[in-house]
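Engineer: My structure is below; once you've seen it, I'll send some questions.
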Amino acid sequence: MIGEIGHFGLILALVVAVLQGTLPMIGASKGNVALMRFASSASLVQFLAVSISFIALTIAYVGSDFSIVNVAQNSHSLKPMLYKISGVWGNHEGSLLLWAWILALFGFAVAAFGRNLPDGLKARVLSVQGMIGIGFLLFILFTSNPFERIDPAPFDGRGLNPLLQDPGLAFHPPFLYLGYVGLSVTFSFAIAALIEGKVDPAWARWVRPWTLAAWGFLTLGIALGSWWAYYELGWGGWWFWDPVENASFMPWLVSTALLHSAIVVEKRDALKNWTILLAIIAFSLSLLGTFLVRSGVLNSVHAFASDPARGVFILGFLVLVIGGSLILYAVRAPTMKGGGLFAPISREGALILNNLLLSTAAATVLLGTLYPLFLDALSGAKVSVGPPYFNATFLPLIIPLIIALAFGPFLAWKRADLKGVFSRLKLAIVSVCVIVGVSWWVTDDGPILAFVGMGLFAWLVTAVFVELADRIKLFRTSLRQSLKRFLNLPRSAYGMSIAHLGVAMVILGVTASEAWQSERLDVMQPGETVVVGGYDFQFEGAERLEGPNYGILRGSFNVKRNDSLVADLRPEQRVYESPPMETTEAAIWPMLSADLYVVIGEEDGKGGYATRIYHKPFISWIWIGAIVMFIGGGFSLSDRRFRIGAASARKKQTQKTAEAAGA
Amino acid sequence: MTRKRRRLYIVVAAMTVLGLAAGLVLMSFEDSLVFFHSPSDLVEKPVPEGRTFRLGGLVEEGSFKKSGVEITFRVTDLAESVDVQFRGLVPDLFREGQGVVAEGQMNENGIFVASNVLAKHDENYMPPEVAESLKKAGNWKPKEDKQ
């Protein structure tokens with residue numbers, strides 16, 4: 001019964017999506033207000049319909065209804081509740097349903113929060129959201145229906161892959177999708193603007209919060225995924241330039257660029273065409289990413305062969321969305337006039353450089369990710385493009401970006417004085433010398449790139465603080481006055497500084513952990529001690545235990561530094577029965593200065609155990625930095641000028657003119 | 001500054017960055033493409049020593065040996081097979097008779113020294129390259145379950 005309700009919800013949502021995708025668009029072009037207003041109610045109904053369907057599938061999972069194929073294949077009655085629920089989106093069909101649900105949620109949010117949007121623009125935006133919804137709902141209903149029944153129902157389910165039974169991964173897909181799908185709103189705004197043939201600062205002010213939100217969630221989603229890979233896979237790595245990772249990283253790079261170019265549209269009424277194009281590309285890459293991952297096109301070109309309907313549908317949908325929007329862009333973009341003029345050395349110039357470097361970096365990642373597909377299609381040769389390619393192409397593009405990032409916030413709009421900025425960044429140059437000197441003195445050794453990274457970290461952090469000090473006139477006026485200025489800064493100023501600090505933290509984490517990690521691989525007898533990274537790891541022994549739905553081999557390590565106990569680490573090897581599988585549970589002791597990471601392997605038959613021990617300096621800063629970036633985005637998002645209902649007189653004015661023009 | 005002038009600057013900057021990127025791509029593609037070979041491929045066309053590539057196939061039954069952290073096994077496509085050495089922990093889901101992909105180089109004794117044995121995330125997952133090479137060797141039995 002519950003399955004049929006869910007299925008019905010999907011069909012209802014499809015019907016509503018078709019209406020939402022067509023009627024408001026017609027209304028907007030004919031100036032019919034009733035049809036335009038229909039968009040808001042349609043988006044509410046669509047959200048409710050998909051919610052019914054999503055809740056139905058969740059109930060089926062929670063109640064272990066194995067008469068539904070999807071539940072039987074991916075759940076198990078003995079699984080902990082959290083993973084029964086996360087199992088809903090831990091598979092192809094369910095994750096697409098989550099996608100459609102978040103899409104409907106965003107459509108509804110635009111309708112609810114966009115009360116001050118002009119009718120025409122709002123109708124068109126929601127209409128485009130509806131069209132995207134049609135694509136996804138058709139895909140789910142015809143190729144990936146999560147509510148398919150099985151008769152007779154199996155006695156128990158096959159279970160969720162144990163690697164996915166993990167809190168980090170339970171929440172990774174929802175955040176990632178909030179990011180991916182959030183970009184659909186920006187995309188819809190871009191398409192609506194192309195249809196209307198008008199982009200202005202007001203448009204940018206409506207678009208920016210959605211981009212910020214999507215970017216923030218994407219940042220968090222990617223960070224969760226990499227954190228999961230770090231502690232769950234037991235390989236000690238956190239980023240492998242794997243196609244699946246790249247699939248989420250490309251939209252991130254482009255949406256970061258978009259975030260910055262939208263500022264130029266908002267403040268200076270320039271870079272409009274480029275911003276529209278970025279919005280289209282960002283969402284296209286999210287679609288590509290979703291499909292690359294979910295369809296297995298990349299790990300396997302054969303996913304097409306195993307289910308031709310899916311592959312063909314995916315390709316068709318991608319071609320339609322990307323091709324259609326690019327054609328619309330080609331036709332309409334030339335009609336839009338660029339705004340304010342500016343010199344190359346200016347805030348605008350710096351943001352253009354940011355955009356150039358970020359989008360080129362995204363392009364090189366895209367090339368490396370898709371190249372194996374091209375080569376296979378052309379010559380049948382099987383290749384993989386590994387980390388050396390990405391390091392060699394990505395780093396030379398990102399290093400200048402970080403150097404320039406320090407300058408950007410100092411530059412004035414229109415025309416800026418580079419010399420003046422240099423003189424204000426003297427302190428940053430000093431701190432680069434100090435940090436590089438100190439890291440040389442402490443580590444004594446390391447690749448050149450490591451010192452470049454430490455230098456970049458120092459450069460960026462100092463620049464952020466110098467800029468902040470500049471803004472509040474620190475030491476140039478009374479301390480009281482400065483404090484007052486600091487408290488009165490717009491939220492977006494905090495947001496920028498915080499997000500840029502987050503970037504610096506990530507740089508620190510990546511650099512230090514890649515350059516100065518130590519690692520040991522040994523067979524250890526109980527009682528034996530090894531020294532890694534200045535810590536003594538004493539292996540006390542291992543025991544076999546029973547977990548709720550798995551068997552455990554658990555090792556026990558005493559970690560000491562200078563004879564004082566630091567940590568008691570218990571790495572595990574788990575053997576699951578359903579599905580049959582082993583997983584490695586690394587034991588990690590995270591500290592701000594370093595992570596201690598221990599993995600235990602099997603017994604060697606003579607009482608010894610294979611062990612792998614890592615000391616990874618500053619690695620937690622990668623994730624702390626990502627969270628700080630997310631918080632920075634949140635600050636910017638809460639800025640007064642984006643706040644709902646806080647429309648200033650000027651904003652109302654622009655809205656009125658927009659309405660007049662849109663009608 | 002005029003609009004045209006500004007456009008020129010932007011175009012020049014874009015070209016420079018793209019040119020730089022294209023240069024980087026071309027330079028690094030040469031050494032960072034990792035080819036995939038099956039044991040039969042290696043017999044047909046041996047890969048020179050010291051060149052990194054991926055070797056894939058099934059772990060031959062009865063070939064797995066372990067001493068401490070040194071592991072040896074044979075990778076087979078059921079037509080030919082190759083000796084593999086690996087120093088490290090046995091990856092999750094590594095079993096005799098299962099598909100495996102290892103990255104590494106041939107040494108002077110014709111043994112494949114793996115620097116990395118790629119673990120899988122799912123017991124049903126068969127690396128597509130392995131499936132294909134088994135198919136080529138005529139030994140592929142498709143499983144009924146997909147993904």
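Letters A, B, ... mark the chains of the structure tokens in the order given; residue numbers begin at 1 per chain; ligand numbers begin at 1, in order shown.
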Near Thr360 of chain A, counting only C-alpha atoms, which residues have an atom at most 8 Å away, once you skip same-chain residues fewer than 4 positions from it, shown as a PyMOL selection string?
Structural biologist: (chain A and resi 356+364+397) or (chain B and resi 17-18+21)
Engineer: As a VMD selection string, which residues of chain B does DSSP assign to helix (DSSP H, G or I)?
Structural biologist: chain B and resid 3 to 32 39 to 44 128 to 136
Engineer: With only C-alpha atoms as the counted atoms, please give the residues lying no more than 8 Å from Val47 of chain B, apart from itself and same-chain residues fewer than 3 positions off, as a PyMOL selection string.
Structural biologist: chain B and resi 42+51+106
Engineer: Using only C-alpha atoms, what table do you get, as CSV, when you list each residue of chain B with an atom no more than 8 Å from chain A, its nearest pair of atoms, and their distance in Å rounded to one decimal, rows by chain then rising number?
Structural biologist:
```
residue,atom,partner,partner_atom,distance
B:Met1,CA,A:Ala343,CA,6.9
B:Thr2,CA,A:Leu341,CA,7.5
B:Arg3,CA,A:Leu341,CA,6.9
B:Arg6,CA,A:Ala343,CA,7.5
B:Tyr9,CA,A:Pro344,CA,7.4
B:Ala14,CA,A:Leu356,CA,6.4
B:Val17,CA,A:Leu357,CA,7.1
B:Leu18,CA,A:Thr360,CA,6.6
B:Ala21,CA,A:Thr393,CA,6.7
B:Leu24,CA,A:Thr393,CA,5.4
B:Val25,CA,A:Thr393,CA,6.0
B:Ser28,CA,A:Tyr389,CA,5.4
B:Phe29,CA,A:Tyr389,CA,6.3
B:Ser32,CA,A:Tyr389,CA,5.4
B:Leu33,CA,A:Val385,CA,5.0
B:Val34,CA,A:Ser384,CA,5.1
B:Phe35,CA,A:Val383,CA,4.2
B:Phe36,CA,A:Lys382,CA,5.3
B:His37,CA,A:Lys382,CA,7.8
B:Lys66,CA,A:Asp604,CA,7.6
B:Ser67,CA,A:Asp604,CA,6.8
B:Gly68,CA,A:Val523,CA,5.6
B:Val69,CA,A:Ala610,CA,6.0
B:Gly88,CA,A:Leu521,CA,6.8
B:Leu89,CA,A:Gly601,CA,5.9
B:Val90,CA,A:Gly601,CA,7.1
B:Asp92,CA,A:Glu582,CA,5.4
B:Leu93,CA,A:Glu582,CA,6.0
B:His121,CA,A:Leu163,CA,6.9
B:Asp122,CA,A:Asn161,CA,6.6
B:Glu123,CA,A:Met581,CA,6.6
B:Pro127,CA,A:Asn299,CA,7.6
B:Pro128,CA,A:Ser300,CA,5.3
B:Glu129,CA,A:Lys382,CA,7.2
B:Lys146,CA,A:Ser306,CA,7.2
```
Engineer: Take the selection from the previous step and output its residues with C-alpha atoms, as a compact mmCIF listing (two decimals), in the first residue's frame.
Structural biologist:
```txt
# COMPACT_ATOMS: atom_id res chain seq x y z
CA MET B 1 39.39 53.14 -21.34
CA THR B 2 36.91 52.14 -23.98
CA ARG B 3 34.73 49.09 -24.06
CA ARG B 6 38.62 46.42 -22.08
CA TYR B 9 42.42 43.03 -22.28
CA ALA B 14 41.77 34.64 -21.06
CA VAL B 17 45.44 31.53 -18.97
CA LEU B 18 43.94 29.03 -21.40
CA ALA B 21 46.47 25.51 -19.04
CA LEU B 24 50.23 22.19 -18.61
CA VAL B 25 47.72 19.63 -19.83
CA SER B 28 51.49 16.29 -17.95
CA PHE B 29 49.33 14.00 -20.08
CA SER B 32 50.30 10.64 -16.19
CA LEU B 33 48.10 8.48 -18.36
CA VAL B 34 47.97 5.09 -16.74
CA PHE B 35 47.04 2.34 -19.16
CA PHE B 36 45.14 -0.77 -18.22
CA HIS B 37 46.39 -4.19 -19.31
CA LYS B 66 51.38 -13.70 2.83
CA SER B 67 54.45 -13.25 4.96
CA GLY B 68 54.15 -10.35 7.32
CA VAL B 69 53.32 -7.34 5.23
CA GLY B 88 50.93 -3.48 2.57
CA LEU B 89 47.75 -4.56 4.30
CA VAL B 90 45.46 -6.92 2.43
CA ASP B 92 39.10 -5.20 2.15
CA LEU B 93 37.24 -7.57 -0.14
CA HIS B 121 33.56 -0.49 -2.18
CA ASP B 122 31.11 -3.24 -2.99
CA GLU B 123 31.33 -7.01 -3.21
CA PRO B 127 35.90 -3.44 -12.35
CA PRO B 128 34.61 -2.84 -15.90
CA GLU B 129 38.09 -3.22 -17.39
CA LYS B 146 23.53 -5.10 -11.84
```
Engineer: List the spatial neighbours of Phe64 of chain B as a PyMOL selection string - criterion: any atom at most 10 Å away, only C-alpha atoms, same-chain residues fewer than 5 positions off excluded.
Structural biologist: chain B and resi 59+71-75+84+95-96
Engineer: Grab the atom CA of Val130 of chain B to atom CA of Gly99 of chain B distance for me, in Å with one decimal place.
Structural biologist: 6.8 Å
Engineer: Point out the residue among A:Ala330, A:Val598, A:Ile140, A:Leu44 with the least atom-to-atom distance to Phe108 of chain A, counting only C-alpha atoms.
Structural biologist: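 Once distances to Phe108 of chain A are computed over only C-alpha atoms, the minimum belongs to A:Leu44.
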Engineer: Rank A:His615, A:Phe249, A:Leu569, A:Gln517 by their smallest atom-to-atom distance to Gln538 of chain A, using only C-alpha atoms, and report the top residue only.
Structural biologist: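 Using only C-alpha atoms, the shortest distance to Gln538 of chain A belongs to A:Leu569.
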Engineer: Can you list, as a list of chain:residue names, every protein, DNA or RNA residue that comes within 8 Å of Phe407 of chain A when you count only C-alpha atoms, leaving out same-chain residues fewer than 5 positions away?
Structural biologist: A:Ala350, A:Val421, A:Ala463
Engineer: Grab the residues selected above and save them as a CSV table (one decimal), in the first residue's frame with C-alpha atoms.
Structural biologist:
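Once written, result.csv looks like this:
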```
chain,number,residue,atom,x,y,z
A,350,ALA,CA,40.7,41.0,-9.8
A,421,VAL,CA,48.2,47.7,-1.9
A,463,ALA,CA,46.2,39.7,4.1
```
Engineer: Between atom CA of Ile403 of chain A and atom CA of Asp470 of chain A, what is the spacing in Å?
Structural biologist: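 Calculated distance between atom CA of Asp470 of chain A and atom CA of Ile403 of chain A is 19.0 Å.
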Engineer: Could you pull out all residues of segment 7-143 of chain B with a DSSP call of strand (DSSP E) and give them as a PyMOL selection string?
Structural biologist: chain B and resi 33-37+53-59+65-67+70-76+81-87+99-106+112-118
Engineer: So that I can see what lies close to Val117 of chain B, please list as a ChimeraX atom specification the residues with an atom at most 8 Å from it, counting only C-alpha atoms and leaving out residues fewer than 2 positions away in the same chain.
Structural biologist: /B:86,91,100-103,114-115,119
Engineer: Would you mind telling me which residue in A:Phe618, A:Leu468, A:Gly94, A:Tyr177 lies nearest to Arg485 of chain A when using only C-alpha atoms?
Structural biologist: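 That would be A:Leu468, the residue with the smallest distance to Arg485 of chain A.
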